[in-house]
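**Student:** Take this structure first; my questions come after.
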Amino acid sequence: MVSNAHAVSRLISIDHPDLDEIKNALTDIISDAKRAGEIVLRSHGLLKRRELEFKLTQMNEVVRNVVSLVHSEALIRHVQIALALDDKLTAIMGDSVQLQQVVLNLIMNAIDATADVPDEPRRITISSRATASHVQILVRDTGKGLSDEAKQRLFEPFFTSKQNGLGMGLTISQDIIHHHGGSLSAEANFPRGTCLTCELPRKEGLS
């Protein structure tokens, strides 16, 4: 938005400005402003502290909504996000806003994890799959992976390997998943990086 506004300012200062370019830049500003407004509104919803509201939830939809939310951030940081979602994934009973908060945290952690590999492709793969009793969301990154200490303490309150991290994101995420009767775990990703798996119980009779 700022770049386009500067461009418009430069264009209107010349003797014969290109009106089409000005129109295109203003259209981009309007589009970006609308998208920013949507992000702010959705972020407010994620940050509100409230009781869980369980209802029929499609985790693929939750993932797609969050990926849309972080799209611009991924572009700025040169991170590719790939989806490998099971279209036949079973629905669950869950709080969609709280589950979005979890998925957002997992994806942002994955984006941060790729920052230390500037000479390699920065890639995150988000997949979904069903087991006999659970729905799983897996977030894989191509970062440097977890240290031995991080593997042991990853979900501890206030533990973080980030310079400016608070160490609460994964703790809160694990708490939300536990309240859904599920689990959150981490393991090494092949050939490099980390895989975080969110597992939520399926409900009989839902599809």
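In the structure tokens, chains take letters A, B, ... by order of appearance, with residues numbered from 1 within each chain and ligands from 1 in the order shown.
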Skipping near chain neighbours, those fewer than 2 positions away, what residues fall within 9 Å of segment 102-111 of chain A using only C-alpha atoms, listed as an NGL selection string?
**Tutor:** :A and (62-63 or 66-67 or 69-70 or 73-74 or 77 or 79 or 97-100 or 113-115 or 122-124 or 126 or 137 or 139-143 or 169-170 or 172-174 or 176-177 or 193-196 or 198)
**Student:** For a quick check of understanding, using only C-alpha atoms, which of A:Ser13, A:Asn60, A:Ser68, A:Asn189 has the smallest distance to Ala130 of chain A?
**Tutor:**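 Using only C-alpha atoms, the shortest distance to Ala130 of chain A belongs to A:Asn60.
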**Student:** Would you list the contacts of Arg129 of chain A as a PDB file with C-alpha atoms, in the first residue's frame, taking every protein, DNA or RNA residue within 10 Å and counting only C-alpha atoms, but skipping same-chain residues closer than 5 positions in sequence?
**Tutor:**
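around05.pdb was written with the following content:
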```
ATOM      1  CA  ASN A  60      -9.197 -28.504   5.705  1.00  0.00           C
ATOM      2  CA  ALA A  84      -1.562 -31.701   0.519  1.00  0.00           C
ATOM      3  CA  LEU A  85      -5.031 -31.988   2.016  1.00  0.00           C
ATOM      4  CA  ASP A  86      -7.210 -35.089   2.004  1.00  0.00           C
ATOM      5  CA  ASP A  87     -10.443 -33.975   0.302  1.00  0.00           C
ATOM      6  CA  LYS A  88     -12.344 -36.767   2.049  1.00  0.00           C
ATOM      7  CA  LEU A  89     -11.187 -35.748   5.521  1.00  0.00           C
ATOM      8  CA  THR A  90     -13.742 -36.457   8.234  1.00  0.00           C
ATOM      9  CA  HIS A 134      -8.276 -39.272  14.564  1.00  0.00           C
ATOM     10  CA  VAL A 135      -7.828 -36.430  12.084  1.00  0.00           C
ATOM     11  CA  GLN A 136      -4.235 -35.222  11.721  1.00  0.00           C
ATOM     12  CA  ILE A 137      -2.820 -31.921  10.497  1.00  0.00           C
ATOM     13  CA  LEU A 138       0.915 -32.040   9.760  1.00  0.00           C
ATOM     14  CA  GLU A 199      -4.096 -34.906  16.184  1.00  0.00           C
TER      15      GLU A 199
END
```
**Student:** Taking 2 positions as the minimum chain separation for residues in the same chain, which residues sit within 12 Å of Glu21 of chain A when counting only C-alpha atoms? Answer as a list in words.
**Tutor:**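 With the cut-off at 12 Å, the set is Asn4, Ala5, Ala7, Val8, Ser9, Arg10, Leu11, Ile12, His16, Pro17, Asp18, Leu19, Lys23, Asn24, Ala25, Leu26, Thr27 and Asp28 of chain A.
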**Student:** Mind the document's chain letters and residue numbers, and return as a list in words the residues of segment 88-131 of chain A that DSSP labels strand (DSSP E).
**Tutor:**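 Matching residues, listed in order: Ile92, Met93, Gly94, Arg123, Ile124, Thr125, Ile126, Ser127, Ser128, Arg129 and Ala130 of chain A.
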**Student:** Write out the residues from the selection above, keeping N, CA and C atoms, as a short mmCIF file (atom, residue, chain, number, x, y, z; two decimals), in the first residue's frame.
**Tutor:**
```cif
data_model
loop_
_atom_site.label_atom_id
_atom_site.label_comp_id
_atom_site.auth_asym_id
_atom_site.auth_seq_id
_atom_site.Cartn_x
_atom_site.Cartn_y
_atom_site.Cartn_z
N ILE A 92 -14.78 -32.87 12.37
CA ILE A 92 -14.64 -33.07 13.82
C ILE A 92 -15.57 -32.11 14.55
N MET A 93 -15.74 -32.32 15.84
CA MET A 93 -16.41 -31.34 16.69
C MET A 93 -15.32 -30.51 17.35
N GLY A 94 -15.29 -29.21 17.05
CA GLY A 94 -14.25 -28.38 17.62
C GLY A 94 -14.60 -26.91 17.56
N ARG A 123 10.51 -23.89 2.32
CA ARG A 123 9.26 -24.55 1.93
C ARG A 123 8.55 -25.10 3.17
N ILE A 124 7.24 -24.91 3.18
CA ILE A 124 6.38 -25.49 4.21
C ILE A 124 5.32 -26.33 3.52
N THR A 125 5.13 -27.53 4.01
CA THR A 125 4.09 -28.40 3.47
C THR A 125 3.09 -28.70 4.57
N ILE A 126 1.82 -28.42 4.29
CA ILE A 126 0.75 -28.67 5.26
C ILE A 126 -0.15 -29.75 4.69
N SER A 127 -0.27 -30.84 5.42
CA SER A 127 -1.08 -31.96 4.94
C SER A 127 -2.10 -32.36 5.98
N SER A 128 -3.14 -33.02 5.51
CA SER A 128 -4.16 -33.56 6.41
C SER A 128 -4.41 -35.01 6.05
N ARG A 129 -4.74 -35.79 7.07
CA ARG A 129 -5.03 -37.21 6.83
C ARG A 129 -5.86 -37.74 7.99
N ALA A 130 -6.50 -38.85 7.76
CA ALA A 130 -7.35 -39.46 8.78
C ALA A 130 -6.81 -40.83 9.15
#
```
**Student:** Looking at A:Arg64, A:Met1, A:Asp20, A:Ser133, which one is nearest to Ala82 of chain A, with distances taken over only C-alpha atoms?
**Tutor:** A:Arg64
**Student:** Name the closest residue to Ala91 of chain A among the candidates A:Ser3, A:Thr171, A:Thr197, A:Gln58; distances are taken between atoms, counting only C-alpha atoms.
**Tutor:**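 With only C-alpha atoms as the atom set, the closest residue is A:Gln58.
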**Student:** Can you measure atom CA of Asn65 of chain A to atom CA of Gln80 of chain A for me? One decimal in Å is fine.
**Tutor:**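 Computing it gives 16.3 Å between the two atoms.
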